[in-house]
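With TSV, C-alpha atoms inside, this is target_16.tsv:
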```
chain	number	residue	atom	x	y	z
A	1	MET	CA	13.50	15.96	29.20
A	2	GLY	CA	12.34	12.41	28.90
A	3	ARG	CA	8.70	11.59	28.23
A	4	ARG	CA	8.22	10.04	31.67
A	5	LEU	CA	9.69	13.07	33.44
A	6	PHE	CA	7.54	15.40	31.36
A	7	LEU	CA	4.40	13.55	32.35
A	8	ARG	CA	5.41	13.59	35.99
A	9	VAL	CA	6.01	17.34	35.95
A	10	THR	CA	2.70	17.93	34.16
A	11	VAL	CA	0.79	15.92	36.77
A	12	ILE	CA	2.49	17.83	39.57
A	13	VAL	CA	1.61	21.17	37.98
A	14	ILE	CA	-2.00	20.12	37.51
A	15	LEU	CA	-2.20	18.97	41.11
A	16	LEU	CA	-0.73	22.23	42.31
A	17	VAL	CA	-3.27	24.18	40.27
A	18	VAL	CA	-6.10	22.03	41.63
A	19	VAL	CA	-4.87	22.40	45.20
A	20	ALA	CA	-4.40	26.14	44.79
A	21	GLY	CA	-7.83	26.45	43.25
A	22	GLY	CA	-9.37	24.36	45.99
A	23	ALA	CA	-7.65	26.42	48.65
A	24	SER	CA	-8.89	29.63	47.05
A	25	PHE	CA	-12.39	28.20	46.78
A	26	TYR	CA	-12.30	27.25	50.46
A	27	LEU	CA	-10.95	30.64	51.53
A	28	ILE	CA	-13.58	32.52	49.55
A	29	PHE	CA	-16.60	30.47	50.61
A	30	PHE	CA	-15.97	28.41	53.73
A	31	ALA	CA	-13.11	29.87	55.78
A	32	PRO	CA	-14.22	31.79	58.93
A	33	ASN	CA	-14.36	35.47	58.02
A	34	THR	CA	-15.36	37.45	61.09
A	35	ILE	CA	-13.16	39.71	63.18
A	36	HIS	CA	-15.07	39.15	66.44
A	37	ASP	CA	-14.26	35.95	68.33
A	38	ASP	CA	-17.46	35.46	70.31
A	39	GLY	CA	-21.11	36.48	70.33
A	40	ALA	CA	-22.71	38.20	67.36
A	41	ARG	CA	-22.45	41.50	65.53
A	42	TYR	CA	-25.42	43.07	63.79
A	43	LEU	CA	-25.59	44.27	60.21
A	44	TYR	CA	-28.44	46.64	59.35
A	45	VAL	CA	-29.53	46.73	55.72
A	46	SER	CA	-32.10	49.43	55.02
A	47	SER	CA	-34.78	49.25	52.35
A	48	ALA	CA	-32.88	51.79	50.23
A	49	ASP	CA	-29.48	50.08	50.49
A	50	SER	CA	-27.68	48.76	47.41
A	51	PHE	CA	-25.10	46.00	47.33
A	52	ASN	CA	-22.34	48.59	47.57
A	53	ASP	CA	-24.05	50.08	50.61
A	54	VAL	CA	-23.97	46.65	52.26
A	55	ILE	CA	-20.25	46.40	51.53
A	56	ASP	CA	-19.72	49.90	52.97
A	57	ASN	CA	-21.69	48.97	56.11
A	58	LEU	CA	-19.61	45.83	56.62
A	59	GLU	CA	-16.42	47.86	56.35
A	60	ARG	CA	-17.68	50.65	58.61
A	61	GLU	CA	-18.85	48.23	61.30
A	62	ASN	CA	-15.55	46.30	61.06
A	63	ILE	CA	-17.31	42.93	60.98
A	64	LEU	CA	-15.31	40.94	58.38
A	65	ARG	CA	-11.65	40.02	58.10
A	66	SER	CA	-11.81	40.12	54.31
A	67	VAL	CA	-14.45	42.22	52.60
A	68	VAL	CA	-12.82	41.33	49.27
A	69	SER	CA	-13.52	37.62	49.70
A	70	PHE	CA	-17.06	38.37	50.87
A	71	ARG	CA	-17.68	40.47	47.76
A	72	ALA	CA	-16.40	37.67	45.55
A	73	SER	CA	-18.60	35.11	47.31
A	74	ALA	CA	-21.65	37.38	47.17
A	75	VAL	CA	-21.26	38.19	43.48
A	76	ALA	CA	-20.71	34.51	42.64
A	77	ARG	CA	-24.08	33.74	44.23
A	78	ASP	CA	-25.90	36.76	42.75
A	79	TYR	CA	-26.50	38.44	46.10
A	80	ASP	CA	-25.51	41.73	44.49
A	81	LYS	CA	-28.73	41.47	42.47
A	82	SER	CA	-31.06	40.56	45.34
A	83	VAL	CA	-30.28	42.71	48.42
A	84	ARG	CA	-32.97	42.33	51.09
A	85	PRO	CA	-33.38	44.74	54.01
A	86	GLY	CA	-33.22	43.63	57.62
A	87	ARG	CA	-31.31	43.32	60.84
A	88	TYR	CA	-28.92	40.41	60.49
A	89	SER	CA	-26.98	38.61	63.20
A	90	ILE	CA	-23.49	37.62	62.11
A	91	GLU	CA	-22.13	35.04	64.51
A	92	ALA	CA	-18.46	34.80	65.40
A	93	GLY	CA	-16.64	32.43	63.04
A	94	ALA	CA	-19.28	32.64	60.31
A	95	ASN	CA	-18.04	32.07	56.76
A	96	ASN	CA	-19.00	33.93	53.61
A	97	TYR	CA	-21.22	31.13	52.38
A	98	SER	CA	-23.42	31.17	55.51
A	99	ILE	CA	-23.49	34.98	55.65
A	100	VAL	CA	-24.53	35.32	52.01
A	101	THR	CA	-27.14	32.57	52.44
A	102	MET	CA	-28.65	34.48	55.36
A	103	LEU	CA	-28.62	37.82	53.55
A	104	ARG	CA	-30.03	36.42	50.31
A	105	SER	CA	-32.82	34.65	52.19
A	106	GLY	CA	-33.67	37.68	54.32
A	107	ILE	CA	-33.37	35.63	57.52
A	108	GLN	CA	-33.56	38.51	59.99
A	109	GLU	CA	-32.93	38.58	63.71
A	110	PRO	CA	-35.99	40.21	65.37
A	111	VAL	CA	-35.60	43.20	67.65
A	112	ARG	CA	-37.09	43.37	71.12
A	113	LEU	CA	-39.25	46.46	70.85
A	114	THR	CA	-39.81	48.02	74.26
A	115	PHE	CA	-41.81	51.11	75.18
A	116	ASN	CA	-43.31	52.42	78.41
A	117	ASN	CA	-44.01	55.75	80.11
A	118	ILE	CA	-45.62	57.03	76.90
A	119	ARG	CA	-48.02	59.95	77.30
A	120	VAL	CA	-48.73	61.11	73.75
A	121	VAL	CA	-48.34	59.64	70.27
A	122	GLU	CA	-45.36	61.93	69.67
A	123	ASP	CA	-43.59	60.16	72.55
A	124	LEU	CA	-44.53	56.80	71.09
A	125	ALA	CA	-43.26	57.67	67.62
A	126	GLY	CA	-39.99	58.95	69.04
A	127	ARG	CA	-39.42	55.92	71.26
A	128	VAL	CA	-40.34	53.30	68.67
A	129	GLY	CA	-38.64	55.15	65.82
A	130	ASN	CA	-35.30	54.64	67.57
A	131	GLN	CA	-35.75	50.87	67.53
A	132	ILE	CA	-36.95	50.04	64.00
A	133	GLU	CA	-36.16	51.16	60.46
A	134	ALA	CA	-39.22	53.42	60.14
A	135	ASP	CA	-38.39	56.77	61.71
A	136	SER	CA	-40.51	58.83	64.08
A	137	VAL	CA	-41.77	61.03	61.24
A	138	ALA	CA	-43.20	58.05	59.34
A	139	LEU	CA	-44.79	56.63	62.49
A	140	LEU	CA	-46.30	59.94	63.52
A	141	SER	CA	-47.62	60.53	60.01
A	142	PHE	CA	-49.43	57.18	60.17
A	143	LEU	CA	-50.88	57.85	63.64
A	144	ASN	CA	-51.98	61.37	62.74
A	145	ASP	CA	-54.15	60.03	59.92
A	146	GLU	CA	-57.33	58.67	61.50
A	147	SER	CA	-58.34	56.95	58.27
A	148	ASN	CA	-55.62	54.39	59.00
A	149	TYR	CA	-57.50	53.00	61.99
A	150	SER	CA	-60.98	54.56	62.25
A	151	ALA	CA	-62.54	51.36	60.93
A	152	ASP	CA	-61.13	49.60	64.01
A	153	GLY	CA	-63.08	51.94	66.31
A	154	PHE	CA	-60.28	54.34	67.27
A	155	ASN	CA	-59.62	58.01	66.68
A	156	ARG	CA	-56.61	60.26	67.15
A	157	ALA	CA	-57.40	60.68	70.87
A	158	THR	CA	-57.86	56.97	71.61
A	159	VAL	CA	-55.45	55.17	69.28
A	160	ILE	CA	-52.69	55.25	71.90
A	161	SER	CA	-54.70	52.73	73.91
A	162	VAL	CA	-53.80	50.13	71.25
A	163	PHE	CA	-50.13	50.38	72.24
A	164	ILE	CA	-50.04	48.54	75.55
A	165	PRO	CA	-46.57	49.09	77.09
A	166	ASN	CA	-44.53	45.91	77.03
A	167	THR	CA	-41.68	44.25	75.14
A	168	TYR	CA	-42.50	42.74	71.76
A	169	GLU	CA	-40.45	40.90	69.15
A	170	VAL	CA	-40.77	42.46	65.70
A	171	PHE	CA	-38.64	42.67	62.61
A	172	TRP	CA	-36.56	45.81	62.29
A	173	THR	CA	-38.09	46.42	58.85
A	174	ILE	CA	-41.69	46.48	60.11
A	175	SER	CA	-43.73	49.28	58.54
A	176	PRO	CA	-45.86	51.73	60.56
A	177	GLU	CA	-49.03	50.04	59.33
A	178	ALA	CA	-47.71	46.56	60.10
A	179	LEU	CA	-46.64	47.72	63.56
A	180	TYR	CA	-50.10	49.12	64.24
A	181	ARG	CA	-51.69	45.86	63.07
A	182	ARG	CA	-49.36	43.87	65.31
A	183	MET	CA	-50.21	46.05	68.31
A	184	LEU	CA	-53.91	45.76	67.49
A	185	ARG	CA	-53.61	41.96	67.64
A	186	GLU	CA	-51.90	42.26	71.02
A	187	TYR	CA	-54.65	44.64	72.20
A	188	GLU	CA	-57.39	42.28	71.04
A	189	SER	CA	-55.58	39.35	72.68
A	190	PHE	CA	-55.48	41.25	75.98
A	191	TRP	CA	-59.19	41.97	75.77
A	192	SER	CA	-60.48	38.47	76.35
A	193	ASP	CA	-64.22	37.83	76.57
A	194	ASP	CA	-63.95	37.74	80.37
A	195	LYS	CA	-62.25	41.14	80.52
A	196	VAL	CA	-64.77	42.68	78.13
A	197	ALA	CA	-67.62	41.29	80.26
A	198	ALA	CA	-66.03	42.66	83.43
A	199	ALA	CA	-65.69	46.08	81.83
A	200	ARG	CA	-69.30	46.04	80.67
A	201	SER	CA	-70.44	45.21	84.18
A	202	ASN	CA	-69.12	48.66	85.10
A	203	ASN	CA	-70.64	50.26	81.99
A	204	LEU	CA	-67.24	50.69	80.39
A	205	SER	CA	-65.93	49.80	76.97
A	206	PRO	CA	-62.32	48.62	76.57
A	207	VAL	CA	-61.31	52.10	75.39
A	208	GLU	CA	-63.00	53.66	78.42
A	209	VAL	CA	-61.14	51.24	80.66
A	210	SER	CA	-57.94	52.44	78.97
A	211	ILE	CA	-58.86	56.04	79.76
A	212	VAL	CA	-59.44	55.33	83.45
A	213	ALA	CA	-56.32	53.15	83.61
A	214	SER	CA	-54.19	55.89	82.07
A	215	ILE	CA	-55.27	58.30	84.82
A	216	ILE	CA	-54.46	55.71	87.48
A	217	ASP	CA	-50.97	55.22	86.01
A	218	GLU	CA	-50.39	58.95	86.43
A	219	GLU	CA	-51.76	58.94	89.98
A	220	THR	CA	-49.64	56.16	91.47
A	221	ASN	CA	-46.77	53.74	90.98
A	222	MET	CA	-48.13	51.55	93.77
A	223	VAL	CA	-49.68	48.56	92.02
A	224	GLU	CA	-51.38	47.45	95.24
A	225	GLU	CA	-53.38	50.70	95.34
A	226	MET	CA	-54.50	50.74	91.72
A	227	ALA	CA	-57.69	48.68	92.11
A	228	ARG	CA	-58.78	50.86	95.03
A	229	ILE	CA	-58.21	54.07	93.07
A	230	ALA	CA	-60.10	52.51	90.17
A	231	GLY	CA	-62.99	51.93	92.57
A	232	VAL	CA	-62.98	55.62	93.52
A	233	TYR	CA	-63.24	56.72	89.90
A	234	LEU	CA	-65.95	54.19	89.10
A	235	ASN	CA	-67.94	55.36	92.13
A	236	ARG	CA	-67.69	58.93	90.90
A	237	LEU	CA	-68.79	57.97	87.40
A	238	ARG	CA	-71.83	56.13	88.75
A	239	LEU	CA	-72.85	59.17	90.80
A	240	GLY	CA	-72.21	61.63	87.99
A	241	MET	CA	-69.50	63.38	90.00
A	242	PRO	CA	-66.59	65.02	88.17
A	243	LEU	CA	-63.49	62.86	88.30
A	244	GLN	CA	-61.39	65.87	89.32
A	245	ALA	CA	-58.26	63.99	88.28
A	246	CYS	CA	-55.10	66.08	88.32
A	247	PRO	CA	-53.41	64.06	85.52
A	248	THR	CA	-56.10	65.14	83.08
A	249	VAL	CA	-55.36	68.79	83.83
A	250	ARG	CA	-51.66	68.30	83.14
A	251	PHE	CA	-52.61	66.64	79.88
A	252	ALA	CA	-54.92	69.53	79.00
A	253	HIS	CA	-52.03	71.95	79.50
A	254	ASN	CA	-49.62	69.59	77.74
A	255	ASP	CA	-47.26	70.29	80.63
A	256	PHE	CA	-46.21	67.19	82.53
A	257	THR	CA	-43.77	69.08	84.71
A	258	ILE	CA	-46.64	70.45	86.80
A	259	THR	CA	-46.44	68.78	90.21
A	260	ARG	CA	-49.03	70.86	91.99
A	261	ILE	CA	-52.42	71.59	90.45
A	262	LEU	CA	-53.54	75.11	91.35
A	263	ASN	CA	-56.80	76.98	90.77
A	264	GLU	CA	-55.26	78.69	87.76
A	265	HIS	CA	-54.63	75.30	86.18
A	266	ILE	CA	-58.20	74.05	86.51
A	267	GLU	CA	-59.57	77.11	84.75
A	268	ILE	CA	-58.47	75.79	81.35
A	269	ASP	CA	-61.36	75.10	78.99
A	270	SER	CA	-60.53	71.65	77.69
A	271	PRO	CA	-62.51	68.41	77.42
A	272	TYR	CA	-59.60	66.87	79.31
A	273	ASN	CA	-60.23	69.13	82.31
A	274	THR	CA	-62.17	66.75	84.55
A	275	TYR	CA	-62.58	69.50	87.13
A	276	ARG	CA	-64.76	71.41	84.67
A	277	TYR	CA	-66.37	68.56	82.73
A	278	SER	CA	-67.99	65.44	84.17
A	279	GLY	CA	-67.46	61.99	82.73
A	280	LEU	CA	-64.39	60.69	81.01
A	281	PRO	CA	-62.00	62.78	78.90
A	282	PRO	CA	-61.87	62.07	75.14
A	283	GLY	CA	-58.95	59.67	75.38
A	284	PRO	CA	-56.21	58.23	77.56
A	285	VAL	CA	-53.70	60.64	79.09
A	286	ARG	CA	-50.97	58.06	78.47
A	287	ALA	CA	-50.56	54.55	77.11
A	288	PRO	CA	-52.04	52.59	80.05
A	289	SER	CA	-50.03	49.82	81.67
A	290	ILE	CA	-51.22	46.24	81.99
A	291	ASN	CA	-51.29	46.65	85.78
A	292	ALA	CA	-53.60	49.65	85.57
A	293	LEU	CA	-55.83	48.03	82.95
A	294	ASN	CA	-56.24	44.97	85.14
A	295	ALA	CA	-56.91	47.22	88.14
A	296	VAL	CA	-59.88	48.83	86.38
A	297	VAL	CA	-61.21	45.50	85.12
A	298	ASN	CA	-60.94	44.17	88.68
A	299	ALA	CA	-61.75	47.40	90.48
A	300	GLU	CA	-62.18	47.18	94.23
A	301	GLU	CA	-65.76	47.56	95.42
A	302	HIS	CA	-66.03	50.11	98.24
A	303	ASP	CA	-67.72	53.40	99.07
A	304	TYR	CA	-64.70	55.71	98.88
A	305	LEU	CA	-65.19	58.86	96.83
A	306	TYR	CA	-61.91	60.64	97.49
A	307	PHE	CA	-58.20	59.98	97.84
A	308	ALA	CA	-55.25	62.22	98.65
A	309	ALA	CA	-51.51	61.64	98.59
A	310	ARG	CA	-49.98	60.98	101.97
A	311	ALA	CA	-47.89	63.79	103.39
A	312	ASP	CA	-44.94	61.47	104.01
A	313	PHE	CA	-44.37	61.32	100.21
A	314	SER	CA	-44.37	57.54	100.40
A	315	GLY	CA	-46.38	57.35	97.19
A	316	TYR	CA	-49.38	55.93	99.00
A	317	HIS	CA	-52.77	57.60	99.51
A	318	HIS	CA	-55.42	58.21	102.13
A	319	PHE	CA	-58.91	57.17	101.03
A	320	SER	CA	-62.01	58.94	102.29
A	321	ARG	CA	-65.76	58.53	102.18
A	322	THR	CA	-66.58	62.13	103.06
A	323	LEU	CA	-65.37	65.44	101.69
A	324	ALA	CA	-64.59	66.71	105.21
A	325	GLU	CA	-62.23	63.81	105.86
A	326	HIS	CA	-60.64	64.21	102.44
A	327	ASN	CA	-60.07	67.92	103.01
A	328	ARG	CA	-58.12	67.18	106.19
A	329	TYR	CA	-55.80	64.81	104.36
A	330	ALA	CA	-55.48	67.21	101.41
A	331	ALA	CA	-54.57	70.07	103.79
A	332	GLU	CA	-51.82	67.93	105.36
A	333	TYR	CA	-50.38	67.26	101.94
A	334	ARG	CA	-50.52	70.91	100.90
A	335	ARG	CA	-48.70	71.94	104.07
A	336	GLU	CA	-45.95	69.46	103.28
A	337	LEU	CA	-45.72	70.78	99.71
A	338	ASN	CA	-45.33	74.29	101.08
A	339	LYS	CA	-42.72	73.09	103.57
A	340	ARG	CA	-40.71	71.54	100.75
A	341	GLY	CA	-41.06	74.62	98.56
A	342	ILE	CA	-43.13	72.90	95.90
A	343	PHE	CA	-45.43	75.56	94.55
A	344	ARG	CA	-45.94	74.40	90.97
```

Before we go any further, please render this structure as structure tokens.
Amino acid sequence: MGRRLFLRVTVIVILLVVVAGGASFYLIFFAPNTIHDDGARYLYVSSADSFNDVIDNLERENILRSVVSFRASAVARDYDKSVRPGRYSIEAGANNYSIVTMLRSGIQEPVRLTFNNIRVVEDLAGRVGNQIEADSVALLSFLNDESNYSADGFNRATVISVFIPNTYEVFWTISPEALYRRMLREYESFWSDDKVAAARSNNLSPVEVSIVASIIDEETNMVEEMARIAGVYLNRLRLGMPLQACPTVRFAHNDFTITRILNEHIEIDSPYNTYRYSGLPPGPVRAPSINALNAVVNAEEHDYLYFAARADFSGYHHFSRTLAEHNRYAAEYRRELNKRGIFR
């Protein structure tokens, strides 16, 4: 082989090696490496996960075309030594370089945390624990320990008022304490100076407004009636009359399947039994809605002292100034309950 031919072959070989190396480099770091063609898939990395756990999750969720190339890219950039927990959005067409950059940096996609129709903290822990990394046991353990929030003016009976039902954006990795602090900021944001002043004008604190609002939420789904019902309860409080609110009796029995409050139910000796004890119960009977909270803050001024569900089961109520009038409406409703076979 002549010298010139040898040089030519050598150059070609070197070029081939460079091209092959460049192609491999591109495939490992910059070639699209997702199976899905549109939208995003989510990878959950828990606080206890190792690098191998991340690899296992990627394989189990069937997110990547080549887990081998991802592993090579991740190890080359030391991600295997710096795994960070979170909920990560992997877009269609993403390459290993962008995925590893996101995971190494801990750039999480927040979750939209939603909860409503919550009556007790056990409900809250169960609902929220299904949406973030912390499970219901960890959340309930935090909420059961009053020392975690007593300095903020709450106790075990009232802390649920902090959790105003809504949808919030939080990171999946949020801790129980951080979640409580976030909800406390939302609670304090809701309670503007104007709202606090309005509550005080009715001799109520924000927590006491939450208690009344929670009862209203249990009494009606009709937002347009809430301020009027609030006015009834405030009138009763001013006069020192028992609230005689059926939702508090259900709460006292811890039985929310009761649809008809009977004499046997109101015999229970509980501070939540507002048939037996005047004033407000110790805490809310559910996490009060924004609509009900606003209804109490802006309670309708009137002289009604009673209300009874309408017998047409429309969800609306008759409002009365006198007990005699109220008893007529209540009797109509009881007859309809009997007619429909509702005895409990």

How close does region 264-319 of chain A get to region 100-117 of chain A? List, as CSV, each residue of region 264-319 of chain A within 10 Å, its nearest atom pair and the distance in Å to one decimal, counting only C-alpha atoms.
```
residue,atom,partner,partner_atom,distance
A:Arg286,CA,A:Asn117,CA,7.5
A:Ala287,CA,A:Asn117,CA,7.3
A:Pro288,CA,A:Asn117,CA,8.6
A:Ser289,CA,A:Asn116,CA,7.9
```

* Selected residue, from A:Ser192, A:Asn57, A:Ser214, A:Asn130, that lies nearest to Ile160 (chain A) when counting all atoms listed in the file ->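 Selected residue with least distance to Ile160 (chain A): A:Ser214.
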
* To do: Give me, please, the distance in Å between CA of Arg260 (chain A) and CA of Leu243 (chain A), quoted to one decimal.
  =>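 Calculated distance between CA of Arg260 (chain A) and CA of Leu243 (chain A) is 16.9 Å.
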
Check which residues of region 41-153 of chain A sit at most 10 Å from region 162-178 of chain A using only C-alpha atoms, and return one row each with the closest pair of atoms and their distance in Å to one decimal, ordered by chain and rising number, as JSON lines.
```
{"residue": "A:Tyr44", "atom": "CA", "partner": "A:Trp172", "partner_atom": "CA", "distance": 8.7}
{"residue": "A:Val45", "atom": "CA", "partner": "A:Thr173", "partner_atom": "CA", "distance": 9.1}
{"residue": "A:Ser46", "atom": "CA", "partner": "A:Thr173", "partner_atom": "CA", "distance": 7.7}
{"residue": "A:Ser47", "atom": "CA", "partner": "A:Thr173", "partner_atom": "CA", "distance": 7.8}
{"residue": "A:Pro85", "atom": "CA", "partner": "A:Thr173", "partner_atom": "CA", "distance": 7.0}
{"residue": "A:Gly86", "atom": "CA", "partner": "A:Thr173", "partner_atom": "CA", "distance": 5.7}
{"residue": "A:Arg87", "atom": "CA", "partner": "A:Trp172", "partner_atom": "CA", "distance": 6.0}
{"residue": "A:Tyr88", "atom": "CA", "partner": "A:Trp172", "partner_atom": "CA", "distance": 9.5}
{"residue": "A:Gln108", "atom": "CA", "partner": "A:Phe171", "partner_atom": "CA", "distance": 7.1}
{"residue": "A:Glu109", "atom": "CA", "partner": "A:Phe171", "partner_atom": "CA", "distance": 7.1}
{"residue": "A:Pro110", "atom": "CA", "partner": "A:Phe171", "partner_atom": "CA", "distance": 4.5}
{"residue": "A:Val111", "atom": "CA", "partner": "A:Glu169", "partner_atom": "CA", "distance": 5.6}
{"residue": "A:Arg112", "atom": "CA", "partner": "A:Glu169", "partner_atom": "CA", "distance": 4.6}
{"residue": "A:Leu113", "atom": "CA", "partner": "A:Tyr168", "partner_atom": "CA", "distance": 5.0}
{"residue": "A:Thr114", "atom": "CA", "partner": "A:Thr167", "partner_atom": "CA", "distance": 4.3}
{"residue": "A:Phe115", "atom": "CA", "partner": "A:Pro165", "partner_atom": "CA", "distance": 5.5}
{"residue": "A:Asn116", "atom": "CA", "partner": "A:Pro165", "partner_atom": "CA", "distance": 4.8}
{"residue": "A:Asn117", "atom": "CA", "partner": "A:Pro165", "partner_atom": "CA", "distance": 7.7}
{"residue": "A:Ile118", "atom": "CA", "partner": "A:Pro165", "partner_atom": "CA", "distance": 8.0}
{"residue": "A:Val121", "atom": "CA", "partner": "A:Phe163", "partner_atom": "CA", "distance": 9.6}
{"residue": "A:Leu124", "atom": "CA", "partner": "A:Phe163", "partner_atom": "CA", "distance": 8.6}
{"residue": "A:Ala125", "atom": "CA", "partner": "A:Pro176", "partner_atom": "CA", "distance": 9.6}
{"residue": "A:Val128", "atom": "CA", "partner": "A:Pro176", "partner_atom": "CA", "distance": 9.9}
{"residue": "A:Gly129", "atom": "CA", "partner": "A:Pro176", "partner_atom": "CA", "distance": 9.6}
{"residue": "A:Gln131", "atom": "CA", "partner": "A:Trp172", "partner_atom": "CA", "distance": 7.3}
{"residue": "A:Ile132", "atom": "CA", "partner": "A:Trp172", "partner_atom": "CA", "distance": 4.6}
{"residue": "A:Glu133", "atom": "CA", "partner": "A:Thr173", "partner_atom": "CA", "distance": 5.4}
{"residue": "A:Ala134", "atom": "CA", "partner": "A:Ser175", "partner_atom": "CA", "distance": 6.3}
{"residue": "A:Asp135", "atom": "CA", "partner": "A:Pro176", "partner_atom": "CA", "distance": 9.1}
{"residue": "A:Ser136", "atom": "CA", "partner": "A:Pro176", "partner_atom": "CA", "distance": 9.6}
{"residue": "A:Ala138", "atom": "CA", "partner": "A:Pro176", "partner_atom": "CA", "distance": 7.0}
{"residue": "A:Leu139", "atom": "CA", "partner": "A:Pro176", "partner_atom": "CA", "distance": 5.4}
{"residue": "A:Leu140", "atom": "CA", "partner": "A:Pro176", "partner_atom": "CA", "distance": 8.7}
{"residue": "A:Ser141", "atom": "CA", "partner": "A:Pro176", "partner_atom": "CA", "distance": 9.0}
{"residue": "A:Phe142", "atom": "CA", "partner": "A:Pro176", "partner_atom": "CA", "distance": 6.5}
{"residue": "A:Leu143", "atom": "CA", "partner": "A:Pro176", "partner_atom": "CA", "distance": 8.5}
{"residue": "A:Asn148", "atom": "CA", "partner": "A:Glu177", "partner_atom": "CA", "distance": 7.9}
{"residue": "A:Tyr149", "atom": "CA", "partner": "A:Glu177", "partner_atom": "CA", "distance": 9.4}
```

* Asked: For Phe307 (chain A), which residue among A:Phe154, A:Phe256, A:Tyr333, A:Tyr187 is the nearest when counting all atoms listed in the file?
  ->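 Among A:Phe154, A:Phe256, A:Tyr333, A:Tyr187, it is A:Tyr333 that comes nearest to Phe307 (chain A).
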
* What is the CA of Phe319 (chain A) to CA of Ala213 (chain A) distance in Å? -> 18.1 Å

Adding 5 Å on each side of the box along x, y and z that holds all listed atoms of region 96-106 of chain A, could you give its centre and edge lengths in Å to one decimal, as lines of an AutoDock Vina configuration file?
```
center_x = -26.3
center_y = 34.5
center_z = 53.0
size_x = 24.7
size_y = 16.7
size_z = 15.3
```

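Using only C-alpha atoms, the nearest neighbour of Glu325 (chain A) within the list A:Tyr304, A:Trp191, A:Ile90, A:Asn338 is A:Tyr304.
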
* **CA of Asn221 (chain A) to CA of Arg119 (chain A), distance in Å rounded to a single decimal** =>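 According to the coordinates, CA of Asn221 (chain A) and CA of Arg119 (chain A) are separated by 15.1 Å.
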
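Of the listed residues A:Val232, A:Met241, A:Val209, A:Ala227, the one whose atoms come nearest to Ser320 (chain A) is A:Val232, with distances taken using all atoms listed in the file.
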
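Remark: for Ser69 (chain A), the closest of the candidate residues A:Phe190, A:Asn33, A:Arg310, A:Leu280 is A:Asn33 (distances computed over all atoms listed in the file).
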
* To do: With a distance cut-off of 12 Å and only C-alpha atoms, select the neighbouring residues of Val196 (chain A), excluding the residue or stretch itself and same-chain residues fewer than 3 positions from it, and output the selection as a list of chain:residue names.
  =>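 My list of contacting residues is A:Tyr187, A:Glu188, A:Ser189, A:Phe190, A:Trp191, A:Ser192, A:Asp193, A:Ala199, A:Arg200, A:Ser201, A:Asn202, A:Asn203, A:Leu204, A:Ser205, A:Pro206, A:Val207, A:Glu208, A:Val209, A:Ser210, A:Leu293, A:Asn294, A:Val296, A:Val297, A:Asn298.
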
* A:Ser161, A:Ser82, A:Ser147, A:Asn235 ranked by distance to Asp303 (chain A), top pick (using only C-alpha atoms) ->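 That would be A:Asn235, the residue with the smallest distance to Asp303 (chain A).
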
* Contacts of Met222 (chain A) at 10 Å or less, counting only C-alpha atoms, minus same-chain residues fewer than 3 places along, as a PyMOL selection string? -> chain A and resi 216-217+219+225-226+291+314-317

Using C-alpha atoms, give me region 198-220 of chain A from the structure I just pasted, as a tab-separated table (two decimals), in the first residue's frame.
```tsv
chain	number	residue	atom	x	y	z
A	198	ALA	CA	-67.77	42.87	59.58
A	199	ALA	CA	-67.48	39.78	61.75
A	200	ARG	CA	-66.75	41.85	64.83
A	201	SER	CA	-69.82	43.96	64.17
A	202	ASN	CA	-71.78	40.77	64.85
A	203	ASN	CA	-69.62	39.89	67.87
A	204	LEU	CA	-67.96	37.05	66.00
A	205	SER	CA	-64.33	36.12	65.52
A	206	PRO	CA	-63.18	34.60	62.21
A	207	VAL	CA	-63.24	31.13	63.79
A	208	GLU	CA	-66.77	31.72	65.05
A	209	VAL	CA	-67.80	32.81	61.57
A	210	SER	CA	-66.35	29.51	60.32
A	211	ILE	CA	-68.47	27.61	62.84
A	212	VAL	CA	-71.69	29.31	61.76
A	213	ALA	CA	-70.75	28.97	58.08
A	214	SER	CA	-70.09	25.25	58.49
A	215	ILE	CA	-73.62	24.76	59.85
A	216	ILE	CA	-75.08	26.74	56.95
A	217	ASP	CA	-73.20	24.55	54.45
A	218	GLU	CA	-74.87	21.52	56.01
A	219	GLU	CA	-78.29	23.17	55.98
A	220	THR	CA	-78.46	24.20	52.32
```
